[in-house]
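Read the structure below first, then the notes.
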Amino acid sequence: MTDVRRPGYAGFRAVPPDEGGRAARAWWDHNAGEYLAEHGDFLGADDFLWCPEGLRESEAGLLGDVSGKDVLEIGAGAAQCSRWLRRRGVRVVASDVSAGMLAASRELDGATGVEVPVVQADARRLPFPDGAFDVVFTAFGALPFVPDAPRVHAQVARVLRPRGVWVFSVTHPVRWAFPDDPAGLTAVRSYFDRRPYVELGDDGSVLYAEYHRTVGDHVADVVGAGLTLERLVEPAWPDGHYRTWGGWGPARGRVLPGTAIFVCRRP
């Protein structure tokens, strides 16, 4: 990904956690329009896609039966997934740290006639009371863009009711060993290199930061928050799907996973 402000450096390196954590809000505010212009047709205005492989909640059913339940989406972007749920009568609230993305959500409300309640919030500091929701989910939101993912899981565990469900999709950790090229099938980095991908401005400021965690890291974060991992989904690349998205595409998707989806529950 590239900021509309041209970075002076792009690559893998350690950055101060507070700077990396702050960068997400500004990056998504600046790039909301560009991102949706590039990917909006694939995401839809009121569709629920878990990943670039095209897996939809309508076919996967990873949230379970949400009828009559209170649902929260974090890192919602323009709230396309929440809008899909809202159209089906689900009580859902969408939250995102980016005012730019939430402004885009309001535009999609007008275009679709489906209004989604939205809250601007950092997923590490959710402004909701304990036990407010039955289901919390995110599709590639929040977790990749914070250096302290355990705080997100802890907040989710706090706002979930007993037996509540937490589902999140992230870049498959294996993919980080390979170049950001949908045809790249030669590992170029260590899977265990946890330095984030960062873009720095000419003045050294952090414009963008995306964090890598191993499968073991994700599991440890879930368990550390007092949650139970029930299922790990690795969507296969479907036949007839030729769209490329960054490092996702049919050439590599046929042999390597690009997405990991963790289905968890609060005991």
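By convention in this document, the chains of the structure tokens carry letters A, B, ... by their order, each chain's residues are numbered from 1, and ligands are numbered from 1 in the order they are shown.
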
Practice task
Mind the document's chain letters and residue numbers, and return as a PyMOL selection string the residues of segment 34-160 of chain A that DSSP labels helix (DSSP H, G or I).
Solution key: chain A and resi 34-43+57-60+80-87+99-112+143-145+149-159

Writer output for current selection, N, CA and C atoms, as a CSV table (one decimal), in the first residue's frame:
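The resulting result.csv:
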chain,number,residue,atom,x,y,z
A,34,GLU,N,-9.2,6.7,-2.1
A,34,GLU,CA,-8.4,6.0,-3.0
A,34,GLU,C,-8.6,4.5,-2.9
A,35,TYR,N,-8.7,4.0,-1.6
A,35,TYR,CA,-8.8,2.6,-1.3
A,35,TYR,C,-10.2,2.1,-1.8
A,36,LEU,N,-11.2,2.9,-1.6
A,36,LEU,CA,-12.5,2.4,-2.0
A,36,LEU,C,-12.7,2.5,-3.5
A,37,ALA,N,-12.0,3.5,-4.1
A,37,ALA,CA,-12.1,3.6,-5.6
A,37,ALA,C,-11.4,2.4,-6.2
A,38,GLU,N,-10.4,1.8,-5.6
A,38,GLU,CA,-9.7,0.7,-6.1
A,38,GLU,C,-10.4,-0.6,-5.8
A,39,HIS,N,-11.0,-0.8,-4.6
A,39,HIS,CA,-11.5,-2.0,-4.2
A,39,HIS,C,-13.0,-2.1,-4.0
A,40,GLY,N,-13.6,-0.9,-4.1
A,40,GLY,CA,-15.1,-0.8,-3.8
A,40,GLY,C,-16.0,-1.7,-4.6
A,41,ASP,N,-15.6,-1.9,-5.9
A,41,ASP,CA,-16.5,-2.8,-6.7
A,41,ASP,C,-16.4,-4.2,-6.2
A,42,PHE,N,-15.3,-4.7,-5.7
A,42,PHE,CA,-15.1,-6.0,-5.1
A,42,PHE,C,-15.8,-6.2,-3.8
A,43,LEU,N,-15.6,-5.1,-2.9
A,43,LEU,CA,-16.2,-5.2,-1.6
A,43,LEU,C,-17.7,-5.0,-1.6
A,57,GLU,N,-19.8,-14.2,4.1
A,57,GLU,CA,-20.4,-14.7,5.3
A,57,GLU,C,-21.7,-15.5,4.9
A,58,SER,N,-22.3,-15.1,3.8
A,58,SER,CA,-23.5,-15.8,3.4
A,58,SER,C,-23.3,-17.3,3.1
A,59,GLU,N,-22.0,-17.7,2.7
A,59,GLU,CA,-21.7,-19.1,2.5
A,59,GLU,C,-21.0,-19.7,3.6
A,60,ALA,N,-20.2,-18.9,4.4
A,60,ALA,CA,-19.3,-19.4,5.4
A,60,ALA,C,-20.1,-19.6,6.8
A,80,GLN,N,-19.3,-2.0,5.1
A,80,GLN,CA,-20.0,-2.8,4.2
A,80,GLN,C,-20.5,-4.1,4.8
A,81,CYS,N,-19.7,-4.8,5.7
A,81,CYS,CA,-20.2,-6.0,6.3
A,81,CYS,C,-21.4,-5.7,7.2
A,82,SER,N,-21.3,-4.7,8.0
A,82,SER,CA,-22.4,-4.3,8.9
A,82,SER,C,-23.6,-4.0,8.2
A,83,ARG,N,-23.4,-3.3,7.0
A,83,ARG,CA,-24.6,-3.0,6.2
A,83,ARG,C,-25.3,-4.2,5.7
A,84,TRP,N,-24.5,-5.2,5.3
A,84,TRP,CA,-25.1,-6.5,4.9
A,84,TRP,C,-26.0,-7.1,6.0
A,85,LEU,N,-25.4,-7.1,7.2
A,85,LEU,CA,-26.1,-7.6,8.4
A,85,LEU,C,-27.4,-6.7,8.7
A,86,ARG,N,-27.2,-5.4,8.6
A,86,ARG,CA,-28.3,-4.5,8.9
A,86,ARG,C,-29.5,-4.7,7.9
A,87,ARG,N,-29.2,-5.0,6.7
A,87,ARG,CA,-30.2,-5.2,5.7
A,87,ARG,C,-31.0,-6.5,6.0
A,99,ALA,N,-12.0,8.7,10.7
A,99,ALA,CA,-13.2,9.5,10.3
A,99,ALA,C,-13.4,9.5,8.8
A,100,GLY,N,-12.3,9.4,8.0
A,100,GLY,CA,-12.5,9.3,6.6
A,100,GLY,C,-13.3,8.1,6.2
A,101,MET,N,-13.0,6.9,6.8
A,101,MET,CA,-13.7,5.7,6.4
A,101,MET,C,-15.2,5.8,6.9
A,102,LEU,N,-15.4,6.4,8.0
A,102,LEU,CA,-16.8,6.5,8.5
A,102,LEU,C,-17.6,7.5,7.7
A,103,ALA,N,-16.9,8.5,7.1
A,103,ALA,CA,-17.6,9.5,6.2
A,103,ALA,C,-18.0,8.7,5.0
A,104,ALA,N,-17.1,7.8,4.5
A,104,ALA,CA,-17.5,7.0,3.3
A,104,ALA,C,-18.6,6.1,3.6
A,105,SER,N,-18.7,5.6,4.9
A,105,SER,CA,-19.8,4.8,5.3
A,105,SER,C,-21.1,5.5,5.2
A,106,ARG,N,-21.1,6.8,5.6
A,106,ARG,CA,-22.4,7.6,5.5
A,106,ARG,C,-22.8,7.8,4.0
A,107,GLU,N,-21.8,7.9,3.2
A,107,GLU,CA,-22.1,8.0,1.7
A,107,GLU,C,-22.8,6.7,1.2
A,108,LEU,N,-22.3,5.6,1.7
A,108,LEU,CA,-22.9,4.3,1.2
A,108,LEU,C,-24.2,4.1,1.9
A,109,ASP,N,-24.5,4.7,3.1
A,109,ASP,CA,-25.8,4.6,3.6
A,109,ASP,C,-26.8,5.3,2.7
A,110,GLY,N,-26.4,6.5,2.2
A,110,GLY,CA,-27.3,7.2,1.3
A,110,GLY,C,-27.5,6.5,0.0
A,111,ALA,N,-26.4,5.9,-0.5
A,111,ALA,CA,-26.5,5.2,-1.8
A,111,ALA,C,-27.4,3.9,-1.7
A,112,THR,N,-27.4,3.2,-0.6
A,112,THR,CA,-28.1,2.0,-0.5
A,112,THR,C,-29.4,2.1,0.2
A,143,LEU,N,-6.6,-5.2,13.8
A,143,LEU,CA,-5.5,-6.0,14.3
A,143,LEU,C,-4.2,-5.8,13.5
A,144,PRO,N,-4.2,-5.7,12.1
A,144,PRO,CA,-3.0,-5.6,11.4
A,144,PRO,C,-2.3,-4.3,11.6
A,145,PHE,N,-3.0,-3.3,12.2
A,145,PHE,CA,-2.5,-1.9,12.2
A,145,PHE,C,-2.1,-1.4,13.5
A,149,ALA,N,-1.7,-5.9,19.7
A,149,ALA,CA,-2.9,-6.6,19.4
A,149,ALA,C,-3.6,-7.2,20.6
A,150,PRO,N,-2.8,-7.7,21.7
A,150,PRO,CA,-3.5,-8.2,22.9
A,150,PRO,C,-4.5,-7.2,23.5
A,151,ARG,N,-4.2,-5.9,23.3
A,151,ARG,CA,-5.2,-5.0,23.9
A,151,ARG,C,-6.5,-5.0,23.1
A,152,VAL,N,-6.5,-5.3,21.8
A,152,VAL,CA,-7.7,-5.4,21.1
A,152,VAL,C,-8.5,-6.7,21.6
A,153,HIS,N,-7.8,-7.8,21.7
A,153,HIS,CA,-8.5,-9.0,22.1
A,153,HIS,C,-9.0,-8.8,23.6
A,154,ALA,N,-8.3,-8.1,24.4
A,154,ALA,CA,-8.8,-7.9,25.8
A,154,ALA,C,-10.1,-7.1,25.8
A,155,GLN,N,-10.1,-6.1,24.9
A,155,GLN,CA,-11.3,-5.2,24.8
A,155,GLN,C,-12.5,-6.0,24.3
A,156,VAL,N,-12.2,-6.9,23.3
A,156,VAL,CA,-13.3,-7.7,22.7
A,156,VAL,C,-13.8,-8.6,23.8
A,157,ALA,N,-12.9,-9.3,24.6
A,157,ALA,CA,-13.4,-10.2,25.6
A,157,ALA,C,-14.2,-9.4,26.7
A,158,ARG,N,-13.8,-8.2,26.9
A,158,ARG,CA,-14.6,-7.4,27.9
A,158,ARG,C,-16.0,-7.0,27.5
A,159,VAL,N,-16.2,-6.7,26.2
A,159,VAL,CA,-17.5,-6.3,25.7
A,159,VAL,C,-18.4,-7.5,25.3

Requested in this report: Would you list the contacts of segment 212-214 of chain A as a PyMOL selection string, taking every protein, DNA or RNA residue within 6 Å and counting only C-alpha atoms, but skipping same-chain residues closer than 5 positions in sequence?
Outcome: chain A and resi 173+194+196

query: When DSSP works through the backbone of this structure, what residues of segment 23-260 of chain A end up as strand (DSSP E or B), shown as a PyMOL selection string?
result: chain A and resi 49+56+70-73+91-96+118-120+133-139+160-171+197-200+206-210+228-233+245+248+259-260

Would you save the residues of that selection, restricted to C-alpha atoms, as a PDB file, in the first residue's frame?
ATOM      1  CA  LEU A  49     -16.535 -10.496   2.423  1.00  0.00           C
ATOM      2  CA  ARG A  56     -18.653 -14.430   2.007  1.00  0.00           C
ATOM      3  CA  ASP A  70     -26.229  -7.579  19.430  1.00  0.00           C
ATOM      4  CA  VAL A  71     -23.285  -7.393  17.032  1.00  0.00           C
ATOM      5  CA  LEU A  72     -20.227  -5.119  16.886  1.00  0.00           C
ATOM      6  CA  GLU A  73     -17.862  -4.691  13.943  1.00  0.00           C
ATOM      7  CA  ARG A  91     -28.769  -5.170  15.466  1.00  0.00           C
ATOM      8  CA  VAL A  92     -25.244  -4.106  14.555  1.00  0.00           C
ATOM      9  CA  VAL A  93     -22.912  -1.210  15.348  1.00  0.00           C
ATOM     10  CA  ALA A  94     -19.831  -0.475  13.228  1.00  0.00           C
ATOM     11  CA  SER A  95     -16.723   1.168  14.649  1.00  0.00           C
ATOM     12  CA  ASP A  96     -13.519   2.396  13.063  1.00  0.00           C
ATOM     13  CA  VAL A 118     -21.254   4.028  13.474  1.00  0.00           C
ATOM     14  CA  VAL A 119     -18.861   5.011  16.250  1.00  0.00           C
ATOM     15  CA  GLN A 120     -15.372   6.414  15.803  1.00  0.00           C
ATOM     16  CA  PHE A 133     -22.462  -7.691  22.625  1.00  0.00           C
ATOM     17  CA  ASP A 134     -23.106 -11.280  21.641  1.00  0.00           C
ATOM     18  CA  VAL A 135     -20.839 -11.171  18.578  1.00  0.00           C
ATOM     19  CA  VAL A 136     -17.793  -9.077  17.645  1.00  0.00           C
ATOM     20  CA  PHE A 137     -16.015  -9.390  14.305  1.00  0.00           C
ATOM     21  CA  THR A 138     -13.565  -7.737  11.962  1.00  0.00           C
ATOM     22  CA  ALA A 139     -12.541  -8.502   8.381  1.00  0.00           C
ATOM     23  CA  LEU A 160     -18.572  -9.833  24.901  1.00  0.00           C
ATOM     24  CA  ARG A 161     -21.238 -11.634  26.867  1.00  0.00           C
ATOM     25  CA  PRO A 162     -20.567 -15.167  28.128  1.00  0.00           C
ATOM     26  CA  ARG A 163     -20.540 -17.606  25.190  1.00  0.00           C
ATOM     27  CA  GLY A 164     -20.112 -14.612  22.891  1.00  0.00           C
ATOM     28  CA  VAL A 165     -18.342 -15.058  19.544  1.00  0.00           C
ATOM     29  CA  TRP A 166     -15.230 -13.217  18.270  1.00  0.00           C
ATOM     30  CA  VAL A 167     -14.232 -13.738  14.619  1.00  0.00           C
ATOM     31  CA  PHE A 168     -11.342 -11.968  12.896  1.00  0.00           C
ATOM     32  CA  SER A 169      -9.603 -12.359   9.556  1.00  0.00           C
ATOM     33  CA  VAL A 170      -5.996 -11.351   8.951  1.00  0.00           C
ATOM     34  CA  THR A 171      -3.284 -11.813   6.385  1.00  0.00           C
ATOM     35  CA  TYR A 197       6.132  -3.238   7.129  1.00  0.00           C
ATOM     36  CA  VAL A 198       6.437   0.546   7.414  1.00  0.00           C
ATOM     37  CA  GLU A 199       6.417   3.617   5.218  1.00  0.00           C
ATOM     38  CA  LEU A 200       8.235   6.681   6.503  1.00  0.00           C
ATOM     39  CA  VAL A 206       5.693   6.918  10.333  1.00  0.00           C
ATOM     40  CA  LEU A 207       3.060   7.184   7.598  1.00  0.00           C
ATOM     41  CA  TYR A 208       1.943   3.554   7.586  1.00  0.00           C
ATOM     42  CA  ALA A 209       2.655   0.469   9.673  1.00  0.00           C
ATOM     43  CA  GLU A 210       1.338  -3.074   9.250  1.00  0.00           C
ATOM     44  CA  THR A 228     -11.171 -20.019  23.354  1.00  0.00           C
ATOM     45  CA  LEU A 229     -10.134 -20.718  19.770  1.00  0.00           C
ATOM     46  CA  GLU A 230     -12.767 -22.946  18.195  1.00  0.00           C
ATOM     47  CA  ARG A 231     -11.777 -22.953  14.548  1.00  0.00           C
ATOM     48  CA  LEU A 232      -9.076 -21.706  12.180  1.00  0.00           C
ATOM     49  CA  VAL A 233     -10.259 -21.199   8.601  1.00  0.00           C
ATOM     50  CA  TRP A 245      -5.226  -7.644  -4.611  1.00  0.00           C
ATOM     51  CA  TRP A 248      -3.277 -12.062  -3.271  1.00  0.00           C
ATOM     52  CA  THR A 259      -5.917 -15.402   4.723  1.00  0.00           C
ATOM     53  CA  ALA A 260      -6.427 -16.830   8.199  1.00  0.00           C
TER      54      ALA A 260
END

### Query
Distance atom CA of Gly11 of chain A-atom CA of Leu256 of chain A, one decimal place?
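Atom CA of Leu256 of chain A lies at a distance of 22.5 Å from atom CA of Gly11 of chain A.
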
Using Å and a single decimal, report how far atom CA of Asp148 of chain A sits from atom CA of Asp203 of chain A.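 Value for the atom CA of Asp203 of chain A-atom CA of Asp148 of chain A distance: 24.8 Å.
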
re atom CA of Tyr9 of chain A and atom CA of Ala142 of chain A: distance 23.1 Å

Restricting the calculation to only C-alpha atoms, which member of A:Arg265, A:Arg243, A:Arg13, A:Arg252 is positioned closest to Asp180 of chain A?
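Among A:Arg265, A:Arg243, A:Arg13, A:Arg252, it is A:Arg252 that comes nearest to Asp180 of chain A.
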
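Candidate residues A:Trp28, A:Pro147, A:Leu63, A:Val174 were compared for distance to Arg195 of chain A, and the nearest is A:Pro147, using only C-alpha atoms.
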
- request: Might you pull out every residue within 8 Å of Pro179 of chain A, with only C-alpha atoms counted and same-chain residues fewer than 3 positions away left off, and present them as an MDAnalysis selection string?
  value: chainID A and resid 176 184 186:188 247

Legend entry - Exercise: Glu19 of chain A partners within 8 Å, only C-alpha atoms, chain neighbours under 3 positions left out, as a list in words: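 Once the nearby chain positions are removed, what remains is Val15, Pro16, Arg22, Ala23, Ser205 and Val206 of chain A.
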
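Considering only C-alpha atoms, the residue among A:Ala78, A:Ala121, A:Val223, A:Ala177 positioned nearest to Pro257 of chain A is A:Ala177.
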